[in-house]
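Coordinates from my_file22.tsv are shown below (TSV, C-alpha atoms).
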chain	number	residue	atom	x	y	z
A	1233	MET	CA	5.02	-18.55	-12.31
A	1234	SER	CA	7.37	-16.64	-10.05
A	1235	VAL	CA	9.11	-13.33	-9.54
A	1236	PRO	CA	12.90	-13.44	-10.00
A	1237	ASP	CA	15.03	-13.49	-6.83
A	1238	LYS	CA	16.78	-10.30	-7.94
A	1239	ALA	CA	13.43	-8.49	-8.15
A	1240	ILE	CA	12.43	-9.76	-4.71
A	1241	LYS	CA	15.73	-8.50	-3.28
A	1242	ILE	CA	15.09	-5.05	-4.80
A	1243	ILE	CA	11.55	-5.06	-3.41
A	1244	ARG	CA	12.83	-6.14	0.02
A	1245	ASN	CA	15.44	-3.36	0.09
A	1246	SER	CA	12.89	-0.77	-1.01
A	1247	ALA	CA	10.41	-2.01	1.57
A	1248	ASP	CA	13.08	-1.79	4.28
A	1249	ARG	CA	13.87	1.80	3.31
A	1250	ILE	CA	10.21	2.78	3.18
A	1251	PHE	CA	9.53	1.09	6.51
A	1252	GLU	CA	12.48	2.83	8.20
A	1253	ASN	CA	11.32	6.20	6.87
A	1254	LYS	CA	7.78	5.49	8.07
A	1255	VAL	CA	8.99	4.60	11.55
A	1256	VAL	CA	10.97	7.86	11.79
A	1257	GLU	CA	8.00	9.87	10.50
A	1258	ASP	CA	5.59	8.09	12.89
A	1259	LYS	CA	7.85	8.91	15.86
A	1260	ARG	CA	7.93	12.57	14.85
A	1261	LEU	CA	4.17	12.59	14.34
A	1262	LEU	CA	3.66	10.85	17.71
A	1263	GLU	CA	5.58	13.60	19.49
A	1264	ASP	CA	3.56	16.26	17.65
A	1265	LYS	CA	0.28	14.60	18.61
A	1266	LYS	CA	1.37	14.33	22.25
A	1267	LYS	CA	2.13	18.06	22.27
A	1268	GLU	CA	-1.26	18.80	20.69
A	1269	LEU	CA	-2.95	16.64	23.32
A	1270	ALA	CA	-1.15	18.51	26.11
A	1271	LEU	CA	-2.41	21.81	24.65
A	1272	GLU	CA	-5.97	20.48	24.47
A	1273	GLU	CA	-5.73	19.24	28.07
A	1274	ALA	CA	-4.59	22.74	29.12
A	1275	LYS	CA	-7.51	24.29	27.22
A	1276	LEU	CA	-9.93	21.94	28.94
A	1277	PHE	CA	-8.47	22.75	32.35
A	1278	SER	CA	-8.77	26.47	31.59
A	1279	ILE	CA	-12.37	26.21	30.42
A	1280	GLU	CA	-13.30	24.15	33.51
A	1281	GLU	CA	-11.61	26.69	35.74
A	1282	LYS	CA	-13.54	29.54	34.10
A	1283	TRP	CA	-16.80	27.66	34.49
A	1284	ILE	CA	-16.14	26.89	38.15
A	1285	THR	CA	-15.42	30.58	38.86
A	1286	ASN	CA	-18.58	31.61	36.95
A	1287	LYS	CA	-16.67	33.53	34.26
A	1288	ILE	CA	-18.57	31.67	31.50
A	1289	THR	CA	-22.10	30.29	31.20
A	1290	GLN	CA	-23.12	26.65	31.15
A	1291	ASP	CA	-23.91	26.88	27.40
A	1292	THR	CA	-20.48	28.31	26.62
A	1293	TYR	CA	-18.84	25.63	28.75
A	1294	ASP	CA	-20.82	22.87	27.01
A	1295	ARG	CA	-19.88	24.11	23.52
A	1296	TRP	CA	-16.18	24.41	24.36
A	1297	PHE	CA	-16.11	21.15	26.31
A	1298	ASN	CA	-17.62	19.19	23.41
A	1299	SER	CA	-15.23	20.72	20.90
A	1300	ILE	CA	-12.14	20.21	23.05
A	1301	ASN	CA	-13.20	16.74	24.16
A	1302	ASN	CA	-13.77	15.57	20.56
A	1303	THR	CA	-10.30	16.80	19.63
A	1304	ARG	CA	-8.81	15.01	22.67
A	1305	ILE	CA	-10.50	11.74	21.73
A	1306	SER	CA	-9.22	12.02	18.17
A	1307	LEU	CA	-5.68	12.80	19.35
A	1308	ARG	CA	-5.69	9.90	21.83
A	1309	ALA	CA	-6.79	7.50	19.09
A	1310	CYS	CA	-4.03	8.79	16.83
A	1311	ILE	CA	-1.45	8.44	19.62
A	1312	GLU	CA	-2.60	4.90	20.31
A	1313	ARG	CA	-2.28	3.99	16.63
A	1314	LEU	CA	1.16	5.58	16.33
A	1315	SER	CA	2.33	3.88	19.55
A	1316	GLY	CA	1.56	0.44	18.11
A	1317	ASP	CA	4.17	-2.29	17.81
A	1318	GLN	CA	6.04	-1.53	14.58
A	1319	ASP	CA	8.32	-4.57	15.03
A	1320	ARG	CA	5.37	-6.91	14.59
A	1321	THR	CA	4.40	-5.16	11.35
A	1322	TYR	CA	8.00	-5.35	10.12
A	1323	LYS	CA	8.19	-9.08	10.88
A	1324	ILE	CA	4.95	-9.72	8.99
A	1325	LEU	CA	6.32	-7.76	6.03
A	1326	GLN	CA	9.62	-9.66	6.04
A	1327	ASN	CA	7.91	-13.05	6.40
A	1328	ASN	CA	5.58	-12.39	3.48
A	1329	LEU	CA	7.97	-10.76	1.01
A	1330	GLY	CA	9.57	-14.13	0.32
A	1331	LYS	CA	6.19	-15.47	-0.77
A	1332	LEU	CA	6.34	-13.19	-3.82
A	1333	SER	CA	8.50	-15.82	-5.49
A	1334	ASP	CA	5.47	-18.14	-5.42
A	1335	LEU	CA	2.83	-16.31	-7.46
A	1336	GLU	CA	0.51	-19.30	-7.29
A	1337	PHE	CA	0.38	-18.84	-3.50
A	1338	VAL	CA	-0.19	-15.09	-3.89
A	1339	PHE	CA	-2.91	-15.63	-6.51
A	1340	ASN	CA	-4.69	-18.32	-4.48
A	1341	ASN	CA	-4.77	-16.09	-1.40
A	1342	THR	CA	-6.45	-13.10	-3.03
A	1343	ASN	CA	-10.08	-12.28	-3.69
A	1344	THR	CA	-11.63	-12.07	-7.15
A	1345	LEU	CA	-11.12	-8.32	-7.60
A	1346	GLU	CA	-7.46	-8.58	-6.60
A	1347	LYS	CA	-7.00	-11.46	-9.05
A	1348	GLN	CA	-8.52	-9.38	-11.84
A	1349	GLU	CA	-6.23	-6.47	-11.00
A	1350	PHE	CA	-3.21	-8.80	-10.97
A	1351	VAL	CA	-4.11	-10.15	-14.43
A	1352	LYS	CA	-4.69	-6.62	-15.77
A	1353	LEU	CA	-1.36	-5.46	-14.43
A	1354	GLY	CA	0.65	-8.53	-15.40
A	1355	PHE	CA	-0.69	-8.85	-18.93
A	1356	GLU	CA	-1.67	-5.25	-19.64
A	1357	GLN	CA	-5.32	-6.33	-20.16
A	1358	ASN	CA	-4.36	-8.51	-23.14
A	1359	LEU	CA	-4.87	-12.00	-21.74
A	1360	TYR	CA	-7.27	-14.21	-23.69
A	1361	TYR	CA	-8.15	-17.92	-23.98
A	1362	GLN	CA	-7.90	-19.69	-27.35
A	1363	ASP	CA	-7.58	-23.36	-28.35
A	1364	GLY	CA	-7.33	-24.58	-24.76
A	1365	VAL	CA	-4.49	-22.29	-23.69
A	1366	TYR	CA	-4.15	-18.73	-22.43
A	1367	ARG	CA	-2.40	-16.30	-24.77
A	1368	THR	CA	-1.09	-12.76	-24.53
A	1369	PRO	CA	0.85	-10.37	-26.76
A	1370	THR	CA	2.04	-8.35	-23.74
A	1371	MET	CA	3.48	-9.25	-20.37
A	1372	ILE	CA	5.36	-7.20	-17.80
A	1373	ASP	CA	9.09	-7.90	-17.68
A	1374	LEU	CA	8.82	-9.14	-14.11
A	1375	LEU	CA	6.82	-12.15	-15.33
A	1376	ALA	CA	8.23	-12.56	-18.85
A	1377	HIS	CA	11.13	-14.75	-17.71
A	1378	ASN	CA	8.56	-17.51	-17.05
A	1379	SER	CA	7.13	-17.49	-20.57
A	1380	TYR	CA	9.10	-20.47	-21.95
A	1381	ILE	CA	8.22	-22.71	-19.00
A	1382	MET	CA	4.57	-21.69	-19.27
A	1383	LYS	CA	4.61	-22.40	-23.02
A	1384	GLU	CA	6.16	-25.87	-22.51
A	1385	LYS	CA	3.45	-26.70	-19.98
A	1386	ARG	CA	0.80	-25.34	-22.38
A	1387	LEU	CA	-0.46	-22.93	-19.75
A	1388	LEU	CA	0.33	-19.65	-21.48
A	1389	ILE	CA	1.63	-18.67	-24.89
A	1390	TYR	CA	3.37	-15.33	-24.98
A	1391	GLU	CA	3.19	-14.05	-28.55
A	1392	LYS	CA	5.25	-10.91	-28.25
A	1393	LYS	CA	4.27	-8.43	-30.95
A	1394	ARG	CA	7.42	-6.28	-30.66
A	1395	GLU	CA	10.28	-5.78	-28.22
A	1396	ASN	CA	9.54	-2.58	-26.35
A	1397	PHE	CA	6.05	-1.11	-26.25
A	1398	SER	CA	7.31	2.18	-24.80
A	1399	ILE	CA	9.16	2.88	-28.08
A	1400	PRO	CA	6.88	3.72	-31.02
A	1401	PRO	CA	7.26	1.39	-34.02
A	1402	LEU	CA	9.25	2.59	-37.01
A	1403	SER	CA	7.13	3.49	-40.02
A	1404	GLY	CA	7.35	5.37	-43.26
A	1405	LEU	CA	5.43	8.40	-44.38
A	1406	ASP	CA	2.46	6.31	-45.38
A	1407	GLY	CA	2.24	4.70	-41.90
A	1408	THR	CA	3.61	1.29	-42.98
In structure tokens, how does this file's structure come out?
Amino acid sequence: MSVPDKAIKIIRNSADRIFENKVVEDKRLLEDKKKELALEEAKLFSIEEKWITNKITQDTYDRWFNSINNTRISLRACIERLSGDQDRTYKILQNNLGKLSDLEFVFNNTNTLEKQEFVKLGFEQNLYYQDGVYRTPTMIDLLAHNSYIMKEKRLLIYEKKRENFSIPPLSGLDGT
């Protein structure tokens, strides 16, 4: 079973667009977090200065220091994450998108819950086993092009009930 090359190309183009948008957004967010960190550093400097000149008590200093320091730690972690190597992520994405054409590879490299979700999605929860072969009345269009090959190999019989499940069936007044 495989995904058509045209579908993979569409997925690749969409992924590229999404990735480019994410990189731009991450850069903007990185600058915002750096500005926030600079403000927190200034607050910390101010609070330390006030403590040194005895304008605030030790308790007040401790409360403010803990609050400001926790925020600084959080911002530094966020900055570190946003400063990560996006090119490596992009290369991993590009290298693995081509593997979508080999659904056996994808299926074999997932855990049980992911396999169940894939089957639910691909066959709209209508996959069953009868007379030594899997059968389904529904299959997503992305996989349907494989149905004749799967039937010839006696792996899956796709017994389509009607053409388009999003369109209600025609019926008379009595429901027939």
Self-check item: Nearest-residue call for A:Val1338, choices A:Ile1288, A:Leu1325, A:Phe1350, A:Leu1307, using all atoms listed in the file
Solution: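 That would be A:Phe1350, the residue with the smallest distance to A:Val1338.
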Quiz item: Please, what distance in Å, to one decimal, runs between atom CA of A:Arg1313 and atom CA of A:Val1256?
Solution: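 That distance, rounded to one decimal, is 14.6 Å.
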Quiz prompt | Of the listed residues A:Asn1378, A:Ser1278, A:Thr1285, A:Gln1290, that which approaches A:Leu1335 most closely, counting all atoms listed in the file | solution =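 Smallest separation from A:Leu1335 among the options: A:Asn1378.
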Exercise. Using only C-alpha atoms, determine which residues lie at most 9 Å from stretch 1351-1365 of chain A, disregarding the query and same-chain residues fewer than 5 positions distant; provide the list as JSON, numbers by chain.
Key: {"A": [1346, 1370, 1371, 1372, 1373, 1374, 1375, 1386, 1387, 1388, 1389]}
Exercise. Find, counting only C-alpha atoms, the residue in A:Gln1318, A:Arg1295, A:Lys1392, A:Ile1381 that gets nearest to A:Trp1283.
Key: A:Arg1295
Quiz item: For the atom pair atom CA of A:Phe1297 and atom CA of A:Glu1280, what is the interatomic distance in Å to one decimal place?
Solution: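 Atom CA of A:Glu1280 lies at a distance of 8.3 Å from atom CA of A:Phe1297.
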Quiz item: Please, what distance in Å, to one decimal, runs between atom CA of A:Asp1258 and atom CA of A:Leu1314?
Solution: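 Value for the atom CA of A:Asp1258-atom CA of A:Leu1314 distance: 6.1 Å.
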